[in-house]
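Here is the file structure-v1.txt (compact mmCIF, C-alpha atoms).
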```txt
# COMPACT_ATOMS: atom_id res chain seq x y z
CA MET A 1 -16.28 141.96 -58.42
CA LYS A 2 -19.98 141.46 -57.86
CA ASP A 3 -21.83 138.73 -56.04
CA LYS A 4 -25.18 137.94 -57.59
CA GLN A 5 -26.68 136.52 -54.40
CA THR A 6 -25.78 139.62 -52.38
CA ASP A 7 -27.36 141.91 -54.98
CA THR A 8 -30.52 139.82 -55.17
CA ASN A 9 -30.80 139.73 -51.37
CA LEU A 10 -30.32 143.49 -51.20
CA ARG A 11 -33.16 143.99 -53.64
CA LEU A 12 -35.40 141.63 -51.68
CA ILE A 13 -34.63 143.30 -48.36
CA ALA A 14 -35.24 146.78 -49.80
CA LEU A 15 -38.67 145.69 -51.06
CA GLN A 16 -39.48 144.04 -47.74
CA LEU A 17 -38.42 147.12 -45.74
CA GLU A 18 -40.49 149.36 -48.02
CA SER A 19 -43.59 147.27 -47.31
CA TRP A 20 -42.96 147.27 -43.55
CA LYS A 21 -42.57 151.07 -43.61
CA LYS A 22 -45.85 151.47 -45.49
CA LEU A 23 -47.56 149.18 -43.01
CA HIS A 24 -46.17 151.27 -40.15
CA ASP A 25 -47.42 154.54 -41.72
CA LEU A 26 -50.89 153.08 -41.96
CA ILE A 27 -50.82 151.56 -38.46
CA THR A 28 -49.65 154.90 -37.02
CA TYR A 29 -52.55 156.61 -38.76
CA GLY A 30 -54.96 153.98 -37.46
CA LEU A 31 -53.71 154.30 -33.90
CA ASP A 32 -54.03 158.08 -33.85
CA LYS A 33 -57.60 158.64 -32.74
CA ALA A 34 -57.30 162.36 -33.47
CA LYS A 35 -56.92 161.64 -37.21
CA PRO A 36 -60.05 161.80 -39.39
CA ILE A 37 -62.17 158.77 -40.15
CA ILE A 38 -60.50 155.88 -41.98
CA SER A 39 -61.48 155.84 -45.63
CA VAL A 40 -62.21 152.85 -47.83
CA GLU A 41 -59.13 153.74 -49.88
CA GLN A 42 -56.90 153.65 -46.79
CA GLU A 43 -58.38 150.32 -45.74
CA ARG A 44 -57.71 149.01 -49.25
CA GLN A 45 -54.10 150.19 -49.09
CA PHE A 46 -53.69 148.50 -45.74
CA THR A 47 -55.04 145.20 -47.08
CA GLU A 48 -52.79 145.50 -50.13
CA VAL A 49 -49.62 146.02 -48.08
CA ARG A 50 -50.62 143.27 -45.66
CA ALA A 51 -51.32 140.88 -48.54
CA ASN A 52 -47.90 141.59 -50.05
CA LEU A 53 -46.19 140.96 -46.72
CA LEU A 54 -48.16 137.78 -46.01
CA GLN A 55 -47.22 136.46 -49.42
CA GLU A 56 -43.57 137.48 -49.45
CA ALA A 57 -42.30 137.60 -45.86
CA GLU A 58 -41.59 133.91 -45.44
CA HIS A 59 -39.84 133.59 -48.80
CA VAL A 60 -37.69 136.68 -48.25
CA LEU A 61 -36.81 135.81 -44.65
CA ARG A 62 -35.76 132.32 -45.73
CA GLU A 63 -33.54 133.76 -48.49
CA LEU A 64 -31.96 136.05 -45.91
CA ASN A 65 -31.53 133.30 -43.29
CA LEU A 66 -33.78 135.22 -40.90
CA LEU A 67 -36.76 132.91 -40.93
CA ALA A 68 -36.18 131.46 -37.46
CA ASP A 69 -35.59 134.90 -35.92
CA LEU A 70 -38.36 136.90 -37.48
CA SER A 71 -41.08 134.71 -38.91
CA GLY A 72 -43.05 134.50 -35.63
CA ARG A 73 -42.92 138.23 -34.92
CA ALA A 74 -43.76 139.17 -38.47
CA MET A 75 -46.78 136.87 -38.45
CA ASN A 76 -47.89 138.29 -35.09
CA VAL A 77 -47.93 141.83 -36.50
CA LEU A 78 -49.77 140.73 -39.62
CA ASN A 79 -52.29 138.63 -37.72
CA ARG A 80 -53.10 141.22 -35.06
CA GLY A 81 -53.45 144.08 -37.50
CA SER A 82 -56.30 142.58 -39.43
CA SER A 83 -57.68 145.94 -40.57
CA LEU A 84 -57.13 149.65 -39.95
CA ARG A 85 -60.43 149.89 -38.11
CA ALA A 86 -59.39 147.01 -35.85
CA VAL A 87 -56.09 148.80 -35.17
CA ARG A 88 -57.95 151.96 -34.15
CA GLU A 89 -59.85 150.01 -31.52
CA PHE A 90 -56.70 148.54 -29.93
CA SER A 91 -56.15 149.04 -26.21
CA ASN A 92 -52.95 150.85 -25.19
CA ASP A 93 -51.31 147.55 -24.30
CA ASP A 94 -52.20 145.96 -27.63
CA ALA A 95 -50.94 148.99 -29.49
CA ARG A 96 -47.63 148.94 -27.56
CA ARG A 97 -47.20 145.21 -28.22
CA LEU A 98 -47.82 145.69 -31.94
CA GLU A 99 -45.33 148.58 -32.11
CA THR A 100 -42.70 146.52 -30.25
CA GLU A 101 -43.04 143.55 -32.58
CA TRP A 102 -43.04 145.75 -35.66
CA ASN A 103 -39.91 147.42 -34.33
CA SER A 104 -38.13 144.06 -33.80
CA VAL A 105 -38.80 143.05 -37.40
CA PHE A 106 -37.81 146.44 -38.79
CA THR A 107 -34.61 146.66 -36.70
CA LYS A 108 -33.42 143.19 -37.65
CA LEU A 109 -34.12 143.80 -41.35
CA GLY A 110 -32.34 147.16 -41.18
CA VAL A 111 -29.27 145.55 -39.60
CA ALA A 112 -29.29 142.78 -42.21
CA GLN A 113 -29.49 145.39 -44.96
CA GLY A 114 -26.43 147.13 -43.55
CA GLN A 115 -24.52 143.85 -43.39
CA LEU A 116 -25.40 143.07 -47.00
CA LYS A 117 -24.30 146.52 -48.14
CA SER A 118 -21.02 146.08 -46.31
CA ARG A 119 -20.59 142.69 -47.98
CA ARG A 120 -21.29 144.21 -51.39
CA LYS A 121 -18.71 146.91 -50.71
CA ALA A 122 -16.12 144.31 -49.71
CA PHE A 123 -16.83 142.36 -52.92
CA ALA A 124 -16.49 145.50 -55.02
CA GLU A 125 -12.96 145.97 -53.71
CA VAL A 126 -11.88 142.47 -54.75
CA THR A 127 -10.36 142.29 -58.25
CA PRO A 128 -10.55 139.07 -60.28
CA PHE A 129 -6.73 138.75 -59.94
CA LYS A 130 -6.89 139.03 -56.12
CA GLU A 131 -9.68 136.46 -56.07
CA PHE A 132 -7.62 134.12 -58.26
CA MET A 133 -4.57 134.48 -56.00
CA SER A 134 -6.65 133.96 -52.90
CA ARG A 135 -8.12 130.76 -54.31
CA LEU A 136 -4.67 129.61 -55.34
CA SER A 137 -3.29 130.09 -51.85
CA ARG A 138 -6.25 128.22 -50.32
CA ARG A 139 -5.82 125.27 -52.67
CA PRO A 140 -4.65 122.18 -50.77
CA ALA A 141 -1.12 121.07 -51.57
CA VAL A 142 -0.88 118.08 -53.83
CA ALA A 143 1.60 115.40 -52.77
CA MET B 144 -38.49 153.43 -62.69
CA ILE B 145 -39.73 149.86 -62.96
CA LEU B 146 -43.35 148.93 -62.36
CA ASN B 147 -43.68 145.29 -61.35
CA PRO B 148 -46.76 144.13 -59.40
CA ASP B 149 -44.92 141.06 -58.07
CA PRO B 150 -41.25 142.03 -57.70
CA VAL B 151 -40.31 139.24 -55.29
CA PHE B 152 -41.51 136.23 -57.24
CA GLU B 153 -41.40 137.54 -60.83
CA ASP B 154 -37.95 139.06 -60.87
CA ARG B 155 -36.26 137.92 -64.06
CA LEU B 156 -36.00 141.40 -65.46
CA LEU B 157 -35.11 142.90 -62.08
CA SER B 158 -32.23 140.45 -61.68
CA ILE B 159 -30.78 141.78 -64.95
CA PHE B 160 -30.70 145.24 -63.38
CA ASP B 161 -28.99 143.84 -60.24
CA PHE B 162 -25.83 143.51 -62.33
CA ASP B 163 -26.09 146.93 -63.92
CA ASP B 164 -24.06 149.37 -61.85
CA GLU B 165 -24.65 152.34 -64.12
CA THR B 166 -28.43 152.42 -63.89
CA GLU B 167 -30.21 153.64 -60.81
CA THR B 168 -33.57 151.92 -60.49
CA ARG B 169 -36.65 152.35 -58.37
CA ILE B 170 -39.10 149.47 -58.14
CA VAL B 171 -42.79 150.16 -57.56
CA ARG B 172 -45.78 147.87 -57.40
CA THR B 173 -48.81 149.94 -58.41
CA MET B 174 -49.67 152.56 -61.00
CA ALA B 175 -50.94 154.85 -58.25
CA GLU B 176 -47.46 154.85 -56.71
CA VAL B 177 -45.91 155.52 -60.12
CA VAL B 178 -48.07 158.58 -60.73
CA GLY B 179 -47.49 159.87 -57.18
CA ILE B 180 -43.72 159.59 -57.67
CA LEU B 181 -43.66 161.00 -61.21
CA ILE B 182 -45.47 164.15 -60.10
CA GLY B 183 -42.61 164.97 -57.74
CA GLU B 184 -39.55 163.38 -59.34
CA SER B 185 -38.09 162.99 -62.77
CA PHE B 186 -37.06 159.67 -64.31
CA ASP B 187 -35.31 159.03 -67.61
CA GLY B 188 -37.41 156.01 -68.44
CA PHE B 189 -40.28 153.84 -67.29
CA ILE B 190 -40.28 150.06 -67.62
CA ILE B 191 -43.48 148.10 -67.07
CA GLU B 192 -43.66 144.37 -66.35
CA GLY B 193 -46.69 142.26 -65.57
CA GLU B 194 -49.59 140.48 -67.18
CA PRO B 195 -50.10 141.79 -70.75
CA GLU B 196 -53.40 143.59 -70.07
CA PHE B 197 -52.01 145.22 -66.92
CA VAL B 198 -48.88 146.36 -68.78
CA ILE B 199 -50.78 147.98 -71.64
CA GLU B 200 -53.28 149.63 -69.31
CA ALA B 201 -50.45 151.05 -67.18
CA ALA B 202 -48.54 152.24 -70.24
CA THR B 203 -51.65 153.94 -71.60
CA VAL B 204 -52.21 155.81 -68.32
CA ALA B 205 -48.54 156.81 -68.18
CA ARG B 206 -48.59 158.01 -71.81
CA GLN B 207 -51.73 160.03 -71.15
CA HIS B 208 -50.48 161.77 -68.01
CA PHE B 209 -46.75 162.05 -68.79
CA PRO B 210 -46.47 162.39 -72.57
CA SER B 211 -42.68 162.93 -72.66
CA LEU B 212 -41.83 159.89 -70.51
CA LYS B 213 -39.99 157.13 -72.37
CA ILE B 214 -41.86 153.88 -71.83
CA TRP B 215 -40.83 150.29 -72.44
CA CYS B 216 -43.09 147.30 -71.78
CA ALA B 217 -42.15 143.70 -71.09
CA PRO B 218 -45.37 141.71 -70.60
CA TRP B 219 -44.97 138.27 -69.01
CA GLY B 220 -47.07 136.62 -71.69
CA LYS B 221 -48.25 137.15 -75.24
CA PRO B 222 -50.67 140.08 -75.40
CA SER B 223 -54.01 139.65 -77.16
CA ALA B 224 -54.41 141.10 -80.64
CA GLU B 225 -56.64 143.84 -79.22
CA ALA B 226 -54.06 144.78 -76.58
CA THR B 227 -51.28 144.82 -79.18
CA HIS B 228 -53.38 147.09 -81.38
CA LYS B 229 -54.04 149.43 -78.45
CA ALA B 230 -50.30 149.56 -77.69
CA GLN B 231 -49.51 150.37 -81.33
CA GLN B 232 -52.09 153.16 -81.33
CA GLN B 233 -50.48 154.71 -78.25
CA ASN B 234 -47.00 154.23 -79.71
CA ILE B 235 -45.98 151.98 -76.81
CA PRO B 236 -43.06 149.62 -77.56
CA LEU B 237 -43.76 146.01 -76.54
CA THR B 238 -41.15 143.33 -75.95
CA ASN B 239 -41.69 139.67 -75.26
CA GLY B 240 -40.95 139.60 -71.53
CA ALA B 241 -41.16 135.81 -71.56
CA GLY B 242 -38.38 135.50 -74.14
CA SER B 243 -34.81 134.41 -73.42
CA THR B 244 -32.83 136.32 -70.79
CA ARG B 245 -30.11 137.15 -73.29
CA ARG B 246 -32.62 138.70 -75.65
CA LEU B 247 -34.28 140.59 -72.82
CA ARG B 248 -30.91 141.95 -71.72
CA LYS B 249 -30.22 143.14 -75.28
CA GLU B 250 -33.60 144.88 -75.45
CA ILE B 251 -32.98 146.56 -72.09
CA ASP B 252 -29.55 147.76 -73.23
CA ARG B 253 -31.12 149.21 -76.37
CA PHE B 254 -33.82 151.00 -74.34
CA LEU B 255 -31.32 152.36 -71.81
CA GLY B 256 -29.01 153.46 -74.62
CA GLY B 257 -31.82 155.51 -76.10
CA LEU B 258 -32.42 157.46 -72.90
CA ASP B 259 -30.83 160.85 -72.65
CA GLY B 260 -30.11 161.75 -69.05
CA HIS B 261 -30.99 165.30 -68.16
CA PRO B 262 -28.52 167.20 -66.01
CA ALA B 263 -29.73 167.20 -62.42
CA VAL B 264 -28.81 170.82 -61.90
CA SER B 265 -30.04 173.47 -64.27
CA ALA B 266 -27.41 175.39 -66.15
CA GLU B 267 -29.01 178.82 -66.06
CA GLY B 268 -27.62 181.70 -64.07
CA VAL B 269 -29.05 185.05 -63.06
CA ASP B 270 -28.84 187.46 -65.95
CA PRO B 271 -29.73 191.16 -65.82
CA CYS B 272 -32.01 190.72 -68.85
CA HIS B 273 -34.24 188.32 -66.91
CA SER B 274 -37.14 190.52 -65.83
CA LEU B 275 -38.74 187.86 -63.65
CA ILE B 276 -37.05 184.99 -61.84
CA GLY B 277 -38.53 182.49 -59.42
CA ASN B 278 -38.99 178.99 -58.08
CA LEU B 279 -41.69 176.63 -59.28
CA ASN B 280 -42.28 175.30 -55.77
CA GLN B 281 -43.47 178.78 -54.78
CA PHE B 282 -45.38 179.70 -57.94
CA SER B 283 -46.59 177.08 -60.39
CA ALA B 284 -46.13 177.63 -64.13
CA ALA B 285 -49.88 178.21 -64.44
CA GLU B 286 -49.86 181.02 -61.83
CA VAL B 287 -46.82 182.71 -63.33
CA LEU B 288 -48.25 182.61 -66.84
CA GLN B 289 -51.57 184.01 -65.66
CA MET B 290 -49.87 186.96 -63.98
CA THR B 291 -47.66 187.72 -66.97
CA CYS B 292 -50.44 187.40 -69.51
CA MET B 293 -52.66 189.75 -67.52
CA GLY B 294 -49.94 192.37 -68.01
CA GLN B 295 -50.14 191.82 -71.82
CA ARG B 296 -46.40 191.00 -71.91
CA SER B 297 -44.41 189.64 -74.84
CA GLY B 298 -41.31 187.54 -74.24
CA ARG B 299 -39.92 184.13 -73.45
CA PHE B 300 -40.33 182.07 -70.30
CA THR B 301 -37.65 179.45 -69.68
CA PHE B 302 -38.40 176.71 -67.17
CA THR B 303 -35.52 174.58 -65.91
CA SER B 304 -35.76 171.53 -63.71
CA GLY B 305 -34.36 168.03 -63.30
CA ARG B 306 -36.63 167.08 -66.20
CA GLY B 307 -34.79 169.41 -68.57
CA ASN B 308 -35.44 172.85 -70.03
CA SER B 309 -38.59 174.13 -71.66
CA GLU B 310 -39.72 177.40 -73.17
CA ILE B 311 -42.99 179.24 -73.49
CA TYR B 312 -43.26 182.27 -75.76
CA LEU B 313 -45.85 184.96 -75.09
CA HIS B 314 -47.11 187.55 -77.50
CA GLN B 315 -49.17 190.42 -76.11
CA GLY B 316 -50.50 188.37 -73.25
CA GLU B 317 -51.24 185.17 -75.21
CA VAL B 318 -49.23 181.97 -75.43
CA ARG B 319 -47.82 181.71 -78.95
CA HIS B 320 -45.38 178.81 -78.81
CA ALA B 321 -44.24 176.18 -76.29
CA ALA B 322 -41.43 173.66 -76.60
CA TYR B 323 -40.10 170.94 -74.32
CA GLY B 324 -37.72 168.37 -75.75
CA THR B 325 -39.41 166.90 -78.79
CA LEU B 326 -42.84 168.14 -77.69
CA GLU B 327 -44.30 171.35 -79.04
CA GLY B 328 -47.51 173.30 -78.55
CA GLU B 329 -50.18 172.15 -76.13
CA GLY B 330 -48.38 168.85 -75.39
CA ALA B 331 -45.36 170.78 -74.11
CA LEU B 332 -47.59 173.13 -72.10
CA ALA B 333 -49.32 170.17 -70.45
CA GLU B 334 -45.94 168.86 -69.29
CA ILE B 335 -44.73 172.20 -67.99
CA PHE B 336 -47.93 172.80 -66.03
CA ARG B 337 -47.21 169.63 -64.02
CA TRP B 338 -43.77 170.72 -62.87
CA ARG B 339 -43.59 171.51 -59.17
CA GLN B 340 -39.81 171.68 -58.86
CA GLY B 341 -37.36 173.89 -60.71
CA ARG B 342 -36.78 177.52 -61.65
CA PHE B 343 -38.12 179.91 -64.23
CA TYR B 344 -37.12 183.22 -65.73
CA PHE B 345 -38.73 185.62 -68.17
CA GLU B 346 -36.94 187.57 -70.86
CA GLU B 347 -38.92 190.51 -72.13
CA GLY B 348 -39.23 191.10 -75.87
CA ILE B 349 -38.05 187.74 -77.24
CA ILE B 350 -40.64 186.76 -79.84
CA SER B 351 -41.07 183.37 -81.51
CA GLN B 352 -41.57 183.18 -85.25
CA GLU B 353 -43.22 179.82 -84.77
CA GLN B 354 -46.80 179.50 -83.59
CA SER B 355 -47.79 176.16 -82.09
CA VAL B 356 -50.53 177.31 -79.69
CA ASP B 357 -53.63 179.12 -80.88
CA ARG B 358 -56.08 178.88 -77.99
CA PRO B 359 -56.59 181.55 -75.33
CA LEU B 360 -54.67 181.06 -72.08
CA ALA B 361 -57.87 180.71 -70.02
CA HIS B 362 -58.90 177.62 -72.04
CA LEU B 363 -55.43 176.11 -71.81
CA LEU B 364 -55.33 176.66 -68.06
CA LEU B 365 -58.74 175.13 -67.52
CA ASP B 366 -57.94 172.05 -69.61
CA ASN B 367 -54.54 171.46 -68.08
CA LEU B 368 -55.54 172.06 -64.48
CA GLN B 369 -58.38 169.60 -64.98
CA LYS B 370 -55.91 167.08 -66.43
CA PHE B 371 -53.60 167.63 -63.48
CA ASP B 372 -56.49 167.00 -61.08
CA GLU B 373 -57.15 163.73 -62.91
CA THR B 374 -53.47 162.79 -62.55
CA LEU B 375 -53.67 163.49 -58.82
CA GLU B 376 -56.74 161.28 -58.62
CA VAL B 377 -54.77 158.38 -60.08
CA ALA B 378 -52.09 158.82 -57.45
CA THR B 379 -53.06 157.46 -54.07
CA VAL B 380 -52.65 160.05 -51.37
CA ALA B 381 -50.69 158.67 -48.42
CA PRO B 382 -52.83 158.51 -45.26
CA ASN B 383 -50.59 160.74 -43.16
CA GLN B 384 -50.31 163.52 -45.73
```

Can you give me the file's structure in the form of structure tokens?
Amino acid sequence: MKDKQTDTNLRLIALQLESWKKLHDLITYGLDKAKPIISVEQERQFTEVRANLLQEAEHVLRELNLLADLSGRAMNVLNRGSSLRAVREFSNDDARRLETEWNSVFTKLGVAQGQLKSRRKAFAEVTPFKEFMSRLSRRPAVA
Amino acid sequence: MILNPDPVFEDRLLSIFDFDDETETRIVRTMAEVVGILIGESFDGFIIEGEPEFVIEAATVARQHFPSLKIWCAPWGKPSAEATHKAQQQNIPLTNGAGSTRRLRKEIDRFLGGLDGHPAVSAEGVDPCHSLIGNLNQFSAAEVLQMTCMGQRSGRFTFTSGRGNSEIYLHQGEVRHAAYGTLEGEGALAEIFRWRQGRFYFEEGIISQEQSVDRPLAHLLLDNLQKFDETLEVATVAPNQ
């Protein structure tokens, strides 16, 4: 059997993780002072990824029941990293704080993705007959 | 591959794919990502969703850079007459993406049914009559052809990759015929020149009766390498690469 909500949530979480990974790639580039100058194109990419996350994070986290846990941290990362150039000028402490908060969001989303995959697997093993029998056995006895 | 600029909030078509176990999908948001991915990987089909103008623009770029790719468009609204005309000119199939879900599902099934999956692993083996064998990630098709043509060779090159098999026939150091799927001639050559994964082998002395290419190799190389550069320009290069 398949559960529509689980599949939809898995798609949402995969998209969200993809955006957080892209943001991390760009932040890592920005933080590395040895890397060449930040181009307009890279800055545009950064703004694009940030805009997607700003728009979608709250909706996706609510769908996944993670809003209370992650909304604050996610917003902190997105607020502090206003541009790639700003990220390059971060102090060591600021950079560490940003990395820690990014990591909290990424870890929690990764764990949630695993849980959803496990749930999908469990659903796949349930046949319609088993589901019917299980419902039947749960049905309250009628006097 | 599905191009959708707003996959979280505009996901009617994507939710149809959620229930399809047999189709492996990859969702991307921008055309630059699409081109970057298509250069390295092979996909059976390409579905584009979005505002009508965006969809037709993306389909036109995809058609131009990847002529053999099967494209299907589902714009979120009714395209303008001009956009519809442009799509017809480029032979791009348009569906009403705002229509009923049942109808959309039917259209998707029809599109997916028309795709022919290529085997992921090439079927060729090493044969003693292959006078030259190699990997495309070490030598591109353009380099290999240049070397062989300089030696004034005649024979058949077979290129095999996840995208399928293709053939280029040489006659005394000039390209005489090229075929890849339904494409022939310069269209097929343009596709093969983009391949960066796969294997090739050359069989000396196999001549094609057909002639679909009549320009010198130098011209073909120049044109196609320029086209490939343009394709790379469309793809956004990741900052850490």

Point-to-point distance from CA of Ile350 in chain B to CA of Ser274 in chain B, Å rounded to tenths = 14.9 Å

Shell around Ala74 in chain A at 8 Å using all atoms listed in the file, local window under 3 positions removed, as a VMD selection string | chain A and resid 57 70 to 71 77 to 78 101 to 102 105

Report the closest atom pair, with its distance in Å rounded to one decimal, for each residue of chain A that has an atom no farther than 8 Å from chain B; count only C-alpha atoms, sort by chain and then rising residue number, and write it as a Markdown table.
```
| residue | atom | partner | partner_atom | distance |
| --- | --- | --- | --- | --- |
| A:Lys2 | CA | B:Phe162 | CA | 7.6 |
| A:Lys4 | CA | B:Phe162 | CA | 7.3 |
| A:Asp7 | CA | B:Asp161 | CA | 5.8 |
| A:Thr8 | CA | B:Asp161 | CA | 6.6 |
| A:Arg11 | CA | B:Asp161 | CA | 7.8 |
| A:Leu12 | CA | B:Val151 | CA | 6.5 |
| A:Leu15 | CA | B:Val151 | CA | 7.9 |
| A:Asp25 | CA | B:Asn383 | CA | 7.1 |
| A:Leu26 | CA | B:Pro382 | CA | 6.6 |
| A:Tyr29 | CA | B:Asn383 | CA | 6.3 |
| A:Gln42 | CA | B:Pro382 | CA | 6.5 |
| A:Glu56 | CA | B:Val151 | CA | 6.9 |
| A:Val60 | CA | B:Val151 | CA | 7.9 |
```

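A straight line drawn from CA of Leu212 in chain B to CA of Cys292 in chain B is 28.8 Å long.
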
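With all atoms listed in the file taken into account, the protein and nucleic acid residues at most 9 Å from Ile13 in chain A (excluding it and anything under 6 positions from it in its own chain) are Val60, Leu61, Leu64, Leu109, Gly110, Ala112 and Gln113 of chain A.
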
I need the chosen residues saved as a short mmCIF file (atom, residue, chain, number, x, y, z; two decimals), in the frame of the given file, with C-alpha atoms.
```cif
data_model
loop_
_atom_site.label_atom_id
_atom_site.label_comp_id
_atom_site.auth_asym_id
_atom_site.auth_seq_id
_atom_site.Cartn_x
_atom_site.Cartn_y
_atom_site.Cartn_z
CA VAL A 60 -37.69 136.68 -48.25
CA LEU A 61 -36.81 135.81 -44.65
CA LEU A 64 -31.96 136.05 -45.91
CA LEU A 109 -34.12 143.80 -41.35
CA GLY A 110 -32.34 147.16 -41.18
CA ALA A 112 -29.29 142.78 -42.21
CA GLN A 113 -29.49 145.39 -44.96
#
```

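Separating CA of Tyr312 in chain B from CA of His208 in chain B is a distance of 23.1 Å.
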
Name all residues at most 10 Å from range 89-94 of chain A (count only C-alpha atoms; drop same-chain ones fewer than 5 positions away) and give them as a PyMOL selection string.
-> chain A and resi 30-31+33+80-81+84+99-100

Provide an axis-aligned box for all listed atoms of range 165-171 of chain B, padding each side by 5 Å; report its centre and its edge lengths in Å to one decimal, as JSON.
```
{"center_x": -33.7, "center_y": 151.6, "center_z": -60.8, "size_x": 28.1, "size_y": 14.2, "size_z": 16.6}
```

Of the candidates B:Glu196, B:Glu153, B:Trp215, B:Met290, which one gets nearest to His228 in chain B if we count only C-alpha atoms?
-> B:Glu196

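Residue nearest Leu54 in chain A within the list A:Ile37, A:Met75, A:Leu66, A:Val111: A:Met75 [criterion: smallest interatomic distance, all atoms listed in the file].
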
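Distances here use all atoms listed in the file; by that measure, the residue among B:Lys249, B:Lys213, B:His362, B:Arg299 closest to Glu329 in chain B is B:His362.
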
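Using only C-alpha atoms, the nearest neighbour of Asn239 in chain B within the list B:Trp219, B:Phe302, B:Phe186, B:Phe282 is B:Trp219.
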
Do you know which residues lie at most 12 Å from (-46.3, 173.5, -79.9), with coordinates as in the file and all atoms listed in the file counted, and could you write them as a PyMOL selection string?
-> chain B and resi 309-312+318-334+351+353-358

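Using all atoms listed in the file, the residues found no farther than 10 Å from Thr203 in chain B, other than those of its own chain fewer than 3 positions away, are Phe197, Val198, Ile199, Glu200, Arg206, Gln207, His208, Phe209, Pro210, Ile214, Lys229, Ala230, Gln232, Gln233, Asn234 and Ile235 of chain B.
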
Between B:Val204, B:Val287, B:Ala226, B:Leu275, smallest distance to Ala378 in chain B by all atoms listed in the file belongs to B:Val204

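The protein and nucleic acid residues lying at most 9 Å from Thr374 in chain B are B:Val178, B:Gly179, B:Ile182, B:His208, B:Gln369, with all atoms listed in the file considered and sequence neighbours fewer than 5 positions away removed.
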
For Leu67 in chain A, which residue out of A:Glu41, A:Lys108, A:Arg88, A:Arg96 is the nearest one, using all atoms listed in the file?
-> A:Lys108

Could you rebuild range 313-324 of chain B with N, CA and C atoms and give me the result as a short mmCIF file (atom, residue, chain, number, x, y, z; two decimals), in the frame of the given file?
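Written output follows (rebuild21.cif):
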```cif
data_model
loop_
_atom_site.label_atom_id
_atom_site.label_comp_id
_atom_site.auth_asym_id
_atom_site.auth_seq_id
_atom_site.Cartn_x
_atom_site.Cartn_y
_atom_site.Cartn_z
N LEU B 313 -44.60 184.18 -75.19
CA LEU B 313 -45.85 184.96 -75.09
C LEU B 313 -45.82 186.07 -76.12
N HIS B 314 -47.01 186.40 -76.60
CA HIS B 314 -47.11 187.55 -77.50
C HIS B 314 -48.35 188.35 -77.11
N GLN B 315 -48.11 189.51 -76.60
CA GLN B 315 -49.17 190.42 -76.11
C GLN B 315 -50.18 189.68 -75.22
N GLY B 316 -49.64 189.00 -74.25
CA GLY B 316 -50.50 188.37 -73.25
C GLY B 316 -51.11 187.05 -73.65
N GLU B 317 -50.73 186.49 -74.81
CA GLU B 317 -51.24 185.17 -75.21
C GLU B 317 -50.06 184.22 -75.46
N VAL B 318 -50.29 182.96 -75.18
CA VAL B 318 -49.23 181.97 -75.43
C VAL B 318 -49.17 181.72 -76.94
N ARG B 319 -47.95 181.87 -77.50
CA ARG B 319 -47.82 181.71 -78.95
C ARG B 319 -47.14 180.38 -79.30
N HIS B 320 -46.15 180.03 -78.48
CA HIS B 320 -45.38 178.81 -78.81
C HIS B 320 -44.84 178.20 -77.51
N ALA B 321 -44.82 176.86 -77.45
CA ALA B 321 -44.24 176.18 -76.29
C ALA B 321 -43.43 175.00 -76.79
N ALA B 322 -42.28 174.79 -76.17
CA ALA B 322 -41.43 173.66 -76.60
C ALA B 322 -40.77 173.02 -75.39
N TYR B 323 -40.80 171.70 -75.37
CA TYR B 323 -40.10 170.94 -74.32
C TYR B 323 -39.60 169.65 -74.96
N GLY B 324 -38.30 169.54 -75.09
CA GLY B 324 -37.72 168.37 -75.75
C GLY B 324 -38.28 168.24 -77.16
#
```
